[in-house]
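See structure below.
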Amino acid sequence: MADAGYAAPVLTNAPAVDEPVDIRHYLHILSRRRFTIIAAVVLVASAALAASLVQTKVYTAAARVVLQPNQAQSVFNPQTGQRNDPERLVDTEIQIIESKPIRDLVEAELGGSVPKAAASAVGQTDVISISVTDPDPARTARVADAYAAKYVQYKRSASVESLLQAAAEINKQITTLQAQADGIDDRLRATPSASDLKIERDSLIQQIGSFRSQLEELQVQSRLDVSGVRIATPAEVPTAPSSPKPARNTVLGLFLGLMLGVGLAFLREQLDDSIRSISDVEEVTGGLPVLATIPLVGGEWKDRGDPTVVAISEPSGSAAEAYRSLRTSVQFAGIDGSLKLLQMTSASASEGKTTTLANLAVTMANAGHEVIVVCCDLRRPRAHEFFGLTNRVGFTTVLLGDTPLDAALQSVPNVPRLRVLASGPPPPNPAELLSHPRTSELFRSLRTRASIVLIDSPPLLPVTDASIISRWADGVVIVATARITSKRALHRAWELLTQANAHQLGVVLNGVPSNAGGYGYGYGYGYGYGGTPYVEDKTATGAGAKAHSASRKNKKKPAQR
């Protein structure tokens, strides 16, 4: 049956937006998803370490230069009259160092291609670090020193060229002024008494003297280092690689893996549709109560032919106590005597319904009730195997009239007051057989023979059998498994029973609080169990069943289905 039309029920008890966050809830999520977090940490850290080990080792050397503004130059920008920004000046020099002209000078000096230099300011100082990275440590230092030297040379050449241009301009001005002065001298020789010409001549001579003083100053500066930069410290040959750093990368990998793992943990929690708690059950079933929570009672079946009833094999264990709690809940539900036929089903296969029914039957029989277990799972019968009984006769042979009901009822060895009506040989169309009027007559007969009749039915979602059986039952219990049953499946099962007007008593939640796994129930629904032909059960009752029961008592790892 298709799982269609599912819509998450509206939460009527959703917490308020401003409800304080419970940190324990998040810690519980992290604990539950710890293997996801551990896997992410191990994978990312291992990848970081592996990448570090296969990377080529490279070395970094750095030379340092210091900027020294020329004291002869004005500290003011001659164009704007505003004080220059030291940080902007350093950034400008960094761009020059990393420029192609400087690299071309270095390559011309060293004779070949060289790695690019990376320049950076050292703190809030006028010192610039010129670093170079290369697989050869000696070459790394040599290239870094070459970058520093060529940068200083470039700055010195630029300064000298600037001084020469200024000197040429001053010489040009001096020549012009001298020509004007010579012209005034010629005029004064013609008119010696012209005082205004003398004043003009004196002014020109004064200007010429000023320009000559500037020219002499430029000549002095040109013979000095006016580049404004010098090498502070040369590069040293590195002794350890700058990259990769396996220890650092591994630590970073651990940190990133932890962040990724926590993120994945919360993502998986958000996407997880499985039932995790009692509140989840109540949310998707319209408020059905949880009748009991059953702990996981063992590992996966190694021998599917020898299932175990823990109420018999381990009567003092926690699981048996949980089944006794379920018995109490069922007794309260039928306190008025109206609960005679109790159906046990589940949303899907491998959720422990037959295990739950078998253990409930034993605990009720031990409490003094006359109990009959009826296996109506006509497609994949298993109830008789829990008690070591035969399946040669049972529900189907009684309906066909081949076997009287009392003859088909089998007593369970060592459990007084408990009888089992096995399923019998599988019919060609179980749903049609269960809908037959004789089924109603059979259930009426069973009511008169026991205090309570427990009906094992197939899961609700794969086939319609369980919905058909629910019309005869006084109450229905849905069995779910924590971390296995999805909210969607449980909600759909509840919907199907609601549509069938079944009296739903509640839910039994298996596998609490630990994670549960699938235990091989593996329905192949449809006639023939996926094509497996029926083989007559040769299991004997009596002594053989007692031996089977005794062997079950020695098993240490019972399991649920």
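Ligands are numbered from 1 in the order shown, residues from 1 within each chain, and chains are lettered A, B, ... in the order they appear in the structure tokens.
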- Query: Quick one: residues within 12 Å of Thr498 (chain A), only C-alpha atoms counted, chain neighbours fewer than 5 positions away excluded, as a PyMOL selection string?
  - Reply: chain A and resi 285-286+288+460+467+470-471+476+491-493+503-505
Next, dump the selected residues to file, keeping only C-alpha atoms, as a short mmCIF file (atom, residue, chain, number, x, y, z; two decimals), in the first residue's frame.
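Output saved as selection_10.cif:
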data_model
loop_
_atom_site.label_atom_id
_atom_site.label_comp_id
_atom_site.auth_asym_id
_atom_site.auth_seq_id
_atom_site.Cartn_x
_atom_site.Cartn_y
_atom_site.Cartn_z
CA THR A 285 -0.39 9.71 16.25
CA GLY A 286 -2.79 12.39 17.38
CA LEU A 288 -1.87 8.15 21.35
CA LEU A 460 -0.11 -2.01 8.14
CA SER A 467 -6.75 -3.12 8.65
CA SER A 470 -8.84 -4.53 13.19
CA ARG A 471 -12.63 -4.80 12.59
CA VAL A 476 -5.12 -2.34 18.57
CA HIS A 491 1.60 8.59 11.06
CA ARG A 492 0.34 6.68 8.02
CA ALA A 493 -0.28 3.56 10.14
CA HIS A 503 -9.94 1.25 18.68
CA GLN A 504 -6.30 2.23 19.08
CA LEU A 505 -5.05 1.67 22.62
#
Give me the residues near Ala117 (chain A) as a PDB file with all heavy atoms, in the first residue's frame, where near means some atom within 8 Å (using only C-alpha atoms) and where sequence neighbours in that chain fewer than 4 positions away do not count.
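File around_31.pdb, as written:
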ATOM      1  N   ILE A  97      58.012  47.810  -5.458  1.00  0.00           N
ATOM      2  CA  ILE A  97      58.817  46.604  -5.251  1.00  0.00           C
ATOM      3  C   ILE A  97      58.219  45.416  -6.004  1.00  0.00           C
ATOM      4  O   ILE A  97      58.940  44.605  -6.599  1.00  0.00           O
ATOM      5  CB  ILE A  97      58.934  46.288  -3.747  1.00  0.00           C
ATOM      6  CG1 ILE A  97      59.736  47.388  -3.033  1.00  0.00           C
ATOM      7  CG2 ILE A  97      59.568  44.921  -3.520  1.00  0.00           C
ATOM      8  CD1 ILE A  97      59.706  47.288  -1.540  1.00  0.00           C
ATOM      9  N   GLU A  98      56.893  45.295  -5.996  1.00  0.00           N
ATOM     10  CA  GLU A  98      56.228  44.150  -6.618  1.00  0.00           C
ATOM     11  C   GLU A  98      55.972  44.365  -8.106  1.00  0.00           C
ATOM     12  O   GLU A  98      55.370  43.503  -8.758  1.00  0.00           O
ATOM     13  CB  GLU A  98      54.903  43.866  -5.900  1.00  0.00           C
ATOM     14  CG  GLU A  98      55.081  43.450  -4.442  1.00  0.00           C
ATOM     15  CD  GLU A  98      53.749  43.212  -3.734  1.00  0.00           C
ATOM     16  OE1 GLU A  98      52.707  43.606  -4.319  1.00  0.00           O
ATOM     17  OE2 GLU A  98      53.748  42.646  -2.629  1.00  0.00           O
ATOM     18  N   ILE A 130      60.728  42.214   2.168  1.00  0.00           N
ATOM     19  CA  ILE A 130      60.632  41.684   0.800  1.00  0.00           C
ATOM     20  C   ILE A 130      60.904  40.184   0.894  1.00  0.00           C
ATOM     21  O   ILE A 130      62.042  39.754   1.101  1.00  0.00           O
ATOM     22  CB  ILE A 130      61.642  42.365  -0.133  1.00  0.00           C
ATOM     23  CG1 ILE A 130      61.467  43.886  -0.101  1.00  0.00           C
ATOM     24  CG2 ILE A 130      61.486  41.843  -1.547  1.00  0.00           C
ATOM     25  CD1 ILE A 130      62.526  44.637  -0.882  1.00  0.00           C
ATOM     26  N   SER A 131      59.841  39.370   0.785  1.00  0.00           N
ATOM     27  CA  SER A 131      59.971  37.920   0.954  1.00  0.00           C
ATOM     28  C   SER A 131      59.822  37.212  -0.384  1.00  0.00           C
ATOM     29  O   SER A 131      59.058  37.622  -1.259  1.00  0.00           O
ATOM     30  CB  SER A 131      58.922  37.399   1.942  1.00  0.00           C
ATOM     31  OG  SER A 131      57.618  37.677   1.477  1.00  0.00           O
ATOM     32  N   VAL A 132      60.544  36.101  -0.520  1.00  0.00           N
ATOM     33  CA  VAL A 132      60.537  35.275  -1.725  1.00  0.00           C
ATOM     34  C   VAL A 132      60.422  33.822  -1.297  1.00  0.00           C
ATOM     35  O   VAL A 132      61.071  33.402  -0.323  1.00  0.00           O
ATOM     36  CB  VAL A 132      61.809  35.496  -2.568  1.00  0.00           C
ATOM     37  CG1 VAL A 132      61.849  34.526  -3.740  1.00  0.00           C
ATOM     38  CG2 VAL A 132      61.875  36.930  -3.078  1.00  0.00           C
ATOM     39  N   THR A 133      59.606  33.050  -2.008  1.00  0.00           N
ATOM     40  CA  THR A 133      59.401  31.638  -1.701  1.00  0.00           C
ATOM     41  C   THR A 133      59.837  30.785  -2.876  1.00  0.00           C
ATOM     42  O   THR A 133      59.468  31.057  -4.031  1.00  0.00           O
ATOM     43  CB  THR A 133      57.916  31.374  -1.377  1.00  0.00           C
ATOM     44  OG1 THR A 133      57.528  32.181  -0.256  1.00  0.00           O
ATOM     45  CG2 THR A 133      57.683  29.907  -1.041  1.00  0.00           C
ATOM     46  N   ALA A 144      65.784  37.158  -2.829  1.00  0.00           N
ATOM     47  CA  ALA A 144      65.262  38.210  -1.949  1.00  0.00           C
ATOM     48  C   ALA A 144      66.255  39.367  -1.845  1.00  0.00           C
ATOM     49  O   ALA A 144      65.852  40.548  -1.901  1.00  0.00           O
ATOM     50  CB  ALA A 144      64.952  37.632  -0.569  1.00  0.00           C
ATOM     51  N   TYR A 147      66.170  41.405  -5.050  1.00  0.00           N
ATOM     52  CA  TYR A 147      65.019  42.308  -5.103  1.00  0.00           C
ATOM     53  C   TYR A 147      65.294  43.574  -4.289  1.00  0.00           C
ATOM     54  O   TYR A 147      65.008  44.697  -4.724  1.00  0.00           O
ATOM     55  CB  TYR A 147      63.761  41.609  -4.567  1.00  0.00           C
ATOM     56  CG  TYR A 147      62.917  40.959  -5.632  1.00  0.00           C
ATOM     57  CD1 TYR A 147      62.951  39.582  -5.822  1.00  0.00           C
ATOM     58  CD2 TYR A 147      62.080  41.716  -6.440  1.00  0.00           C
ATOM     59  CE1 TYR A 147      62.177  38.970  -6.794  1.00  0.00           C
ATOM     60  CE2 TYR A 147      61.298  41.118  -7.415  1.00  0.00           C
ATOM     61  CZ  TYR A 147      61.346  39.741  -7.598  1.00  0.00           C
ATOM     62  OH  TYR A 147      60.582  39.153  -8.565  1.00  0.00           O
TER      63      TYR A 147
END
- Message: Just want the 12 Å neighbourhood of Pro315 (chain A), counted on only C-alpha atoms, with same-chain residues fewer than 5 positions away dropped. Output as a ChimeraX atom specification.
- Response: /A:308-310,320-324,359,362-363,366,553
- Item | Which of region 173-371 of chain A DSSP labels helix (DSSP H, G or I), written as a count of residues only | 113
- Running DSSP on the backbone, which parts of region 114-328 of chain A land in strand (DSSP E), as an MDAnalysis selection string? chainID A and resid 117:121 127:134 229:233 290:294
- Find the residues around Pro101 (chain A) up to 12 Å (only C-alpha atoms counted), leave out those fewer than 6 positions away in its own chain, and share them as a ChimeraX atom specification. /A:95,107-108,116,147,150-151,153-155
Selected residues written out, N, CA and C atoms, as a compact mmCIF listing (two decimals), in the first residue's frame:
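Heads up, here's the output in result-v5.txt:
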# COMPACT_ATOMS: atom_id res chain seq x y z
N GLN A 95 54.07 48.75 -3.90
CA GLN A 95 53.65 48.52 -5.28
C GLN A 95 54.85 48.58 -6.23
N GLU A 107 65.73 39.60 -12.77
CA GLU A 107 65.95 38.52 -13.71
C GLU A 107 67.18 38.80 -14.58
N ALA A 108 67.39 40.09 -14.95
CA ALA A 108 68.59 40.44 -15.72
C ALA A 108 69.85 40.22 -14.90
N LYS A 116 58.08 35.61 -7.91
CA LYS A 116 57.63 36.94 -7.54
C LYS A 116 57.96 37.24 -6.08
N TYR A 147 66.17 41.41 -5.05
CA TYR A 147 65.02 42.31 -5.10
C TYR A 147 65.29 43.57 -4.29
N LYS A 150 68.04 45.74 -6.14
CA LYS A 150 67.54 46.38 -7.35
C LYS A 150 66.50 47.46 -7.03
N TYR A 151 65.76 47.26 -5.95
CA TYR A 151 64.82 48.31 -5.54
C TYR A 151 65.57 49.55 -5.11
N GLN A 153 68.63 50.37 -5.99
CA GLN A 153 69.25 50.92 -7.19
C GLN A 153 68.23 51.70 -8.02
N TYR A 154 67.06 51.15 -8.14
CA TYR A 154 65.99 51.82 -8.91
C TYR A 154 65.64 53.16 -8.28
N LYS A 155 65.53 53.18 -6.95
CA LYS A 155 65.19 54.43 -6.26
C LYS A 155 66.32 55.44 -6.41
- Neighbour list for region 258-269 of chain A as a VMD selection string, cut-off 8 Å, only C-alpha atoms, skip fewer than 4 positions in-chain: chain A and resid 29 to 30 33 to 34 36 to 41 254
- Could you check which of A:Val290, A:Leu256, A:Leu434, A:Val463 is closest to Ala45 (chain A), using only C-alpha atoms?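 Of the candidates, the smallest distance to Ala45 (chain A) is held by A:Leu256.
For region 419-433 of chain A, the list of residues within 7 Å, based on only C-alpha atoms and with local chain neighbours fewer than 3 positions off taken out, reads Val371, Ile372, Val373, Val374, Cys375, Cys376, Asp377, Leu378, Arg379, Pro381, Ala383, His384, Asn391, Arg392, Val393, Gly394, Phe395, Thr396, Thr397, Ala408, Leu409, Gln410, Ser411, Val412, His436, Thr464, Asp465 and Tyr527 of chain A.
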Could you write out that same residue set with N, CA, C and O atoms as a CSV table (one decimal), in the first residue's frame?
chain,number,residue,atom,x,y,z
A,371,VAL,N,-4.6,-17.2,28.3
A,371,VAL,CA,-4.1,-16.4,27.1
A,371,VAL,C,-4.1,-17.3,25.9
A,371,VAL,O,-3.6,-18.4,25.9
A,372,ILE,N,-4.6,-16.8,24.7
A,372,ILE,CA,-4.4,-17.5,23.5
A,372,ILE,C,-3.7,-16.5,22.5
A,372,ILE,O,-4.2,-15.4,22.3
A,373,VAL,N,-2.7,-17.0,21.9
A,373,VAL,CA,-2.0,-16.2,20.8
A,373,VAL,C,-2.5,-16.7,19.5
A,373,VAL,O,-2.4,-17.9,19.2
A,374,VAL,N,-2.9,-15.8,18.7
A,374,VAL,CA,-3.4,-16.2,17.3
A,374,VAL,C,-2.5,-15.5,16.3
A,374,VAL,O,-2.4,-14.3,16.3
A,375,CYS,N,-2.0,-16.3,15.4
A,375,CYS,CA,-1.1,-15.8,14.4
A,375,CYS,C,-1.9,-15.6,13.1
A,375,CYS,O,-2.3,-16.5,12.4
A,376,CYS,N,-2.2,-14.3,12.9
A,376,CYS,CA,-3.0,-13.9,11.7
A,376,CYS,C,-2.0,-13.3,10.6
A,376,CYS,O,-2.5,-12.7,9.7
A,377,ASP,N,-0.7,-13.5,10.8
A,377,ASP,CA,0.2,-13.1,9.8
A,377,ASP,C,0.4,-14.2,8.9
A,377,ASP,O,1.3,-15.1,9.0
A,378,LEU,N,-0.6,-14.3,7.9
A,378,LEU,CA,-0.7,-15.5,7.0
A,378,LEU,C,0.4,-15.5,5.9
A,378,LEU,O,0.5,-16.4,5.1
A,379,ARG,N,1.1,-14.4,5.8
A,379,ARG,CA,2.1,-14.3,4.7
A,379,ARG,C,3.5,-14.6,5.2
A,379,ARG,O,4.3,-15.1,4.5
A,381,PRO,N,4.4,-16.1,8.8
A,381,PRO,CA,4.1,-16.5,10.1
A,381,PRO,C,5.4,-16.7,10.9
A,381,PRO,O,6.3,-17.4,10.4
A,383,ALA,N,5.0,-16.5,14.9
A,383,ALA,CA,4.6,-16.6,16.3
A,383,ALA,C,4.9,-18.0,16.8
A,383,ALA,O,5.4,-18.1,18.0
A,384,HIS,N,4.6,-19.0,16.1
A,384,HIS,CA,4.8,-20.4,16.6
A,384,HIS,C,6.3,-20.7,16.8
A,384,HIS,O,6.6,-21.5,17.7
A,391,ASN,N,3.6,-25.6,12.8
A,391,ASN,CA,2.7,-24.7,12.0
A,391,ASN,C,1.9,-25.6,11.0
A,391,ASN,O,1.3,-25.0,10.0
A,392,ARG,N,1.8,-26.9,11.2
A,392,ARG,CA,1.1,-27.7,10.3
A,392,ARG,C,-0.4,-27.4,10.3
A,392,ARG,O,-1.1,-27.5,9.3
A,393,VAL,N,-0.9,-27.1,11.5
A,393,VAL,CA,-2.3,-26.8,11.6
A,393,VAL,C,-2.4,-25.4,12.3
A,393,VAL,O,-1.5,-25.0,13.0
A,394,GLY,N,-3.5,-24.8,12.1
A,394,GLY,CA,-3.7,-23.4,12.8
A,394,GLY,C,-4.9,-22.7,12.2
A,394,GLY,O,-5.9,-23.3,11.9
A,395,PHE,N,-4.7,-21.4,12.1
A,395,PHE,CA,-5.8,-20.5,11.7
A,395,PHE,C,-6.5,-20.9,10.4
A,395,PHE,O,-7.7,-21.0,10.3
A,396,THR,N,-5.7,-21.2,9.4
A,396,THR,CA,-6.2,-21.5,8.1
A,396,THR,C,-6.9,-22.8,8.0
A,396,THR,O,-8.0,-23.0,7.4
A,397,THR,N,-6.3,-23.8,8.7
A,397,THR,CA,-7.0,-25.2,8.7
A,397,THR,C,-8.3,-25.2,9.5
A,397,THR,O,-9.2,-25.9,9.1
A,408,ALA,N,-6.6,-27.5,17.2
A,408,ALA,CA,-5.5,-26.7,16.6
A,408,ALA,C,-4.8,-25.8,17.6
A,408,ALA,O,-3.7,-25.4,17.4
A,409,LEU,N,-5.4,-25.6,18.8
A,409,LEU,CA,-4.8,-24.8,19.8
A,409,LEU,C,-3.6,-25.7,20.5
A,409,LEU,O,-3.9,-26.8,20.9
A,410,GLN,N,-2.4,-25.1,20.5
A,410,GLN,CA,-1.3,-25.8,21.1
A,410,GLN,C,-0.9,-25.2,22.4
A,410,GLN,O,-0.7,-23.9,22.5
A,411,SER,N,-0.6,-26.0,23.4
A,411,SER,CA,-0.2,-25.5,24.7
A,411,SER,C,1.3,-25.2,24.6
A,411,SER,O,2.1,-25.9,23.9
A,412,VAL,N,1.8,-24.2,25.3
A,412,VAL,CA,3.2,-23.8,25.3
A,412,VAL,C,3.8,-24.5,26.5
A,412,VAL,O,3.4,-24.4,27.6
A,436,HIS,N,-13.5,-13.2,5.2
A,436,HIS,CA,-14.6,-14.2,5.1
A,436,HIS,C,-15.4,-14.2,6.4
A,436,HIS,O,-14.9,-14.0,7.5
A,464,THR,N,-3.1,-4.9,3.3
A,464,THR,CA,-4.4,-4.5,4.0
A,464,THR,C,-4.8,-5.4,5.1
A,464,THR,O,-5.8,-5.1,5.7
A,465,ASP,N,-4.1,-6.5,5.3
A,465,ASP,CA,-4.5,-7.5,6.2
A,465,ASP,C,-4.8,-7.0,7.6
A,465,ASP,O,-5.8,-7.3,8.2
A,527,TYR,N,1.8,-12.9,-2.1
A,527,TYR,CA,1.7,-14.3,-1.9
A,527,TYR,C,3.0,-15.0,-2.2
A,527,TYR,O,3.7,-14.8,-3.2
- Could you check how far CA of Ile231 (chain A) sits from CA of Pro244 (chain A), in Å to one decimal?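 That distance, rounded to one decimal, is 29.4 Å.
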- Shell of 9 Å around Val65 (chain A), only C-alpha atoms, local chain residues under 5 positions omitted, as number ranges by chain: A: 126-130, 148, 152, 229-234
- How far is it from CA of Ser451 (chain A) to CA of Gly317 (chain A), in Å with one decimal?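 Between CA of Ser451 (chain A) and CA of Gly317 (chain A) the gap works out to 26.2 Å.
Nearest residue to Gly334 (chain A) among A:Trp472, A:Ser457, A:Ala141, A:Ile452 is A:Ile452, counting only C-alpha atoms.
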- Message: Here is a test: counting only C-alpha atoms, which residue of A:Arg483, A:Lys57, A:Arg189, A:Arg488 is nearest to Leu296 (chain A)?
- Response: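 Checking each candidate against Leu296 (chain A), we get A:Arg483 as the closest.
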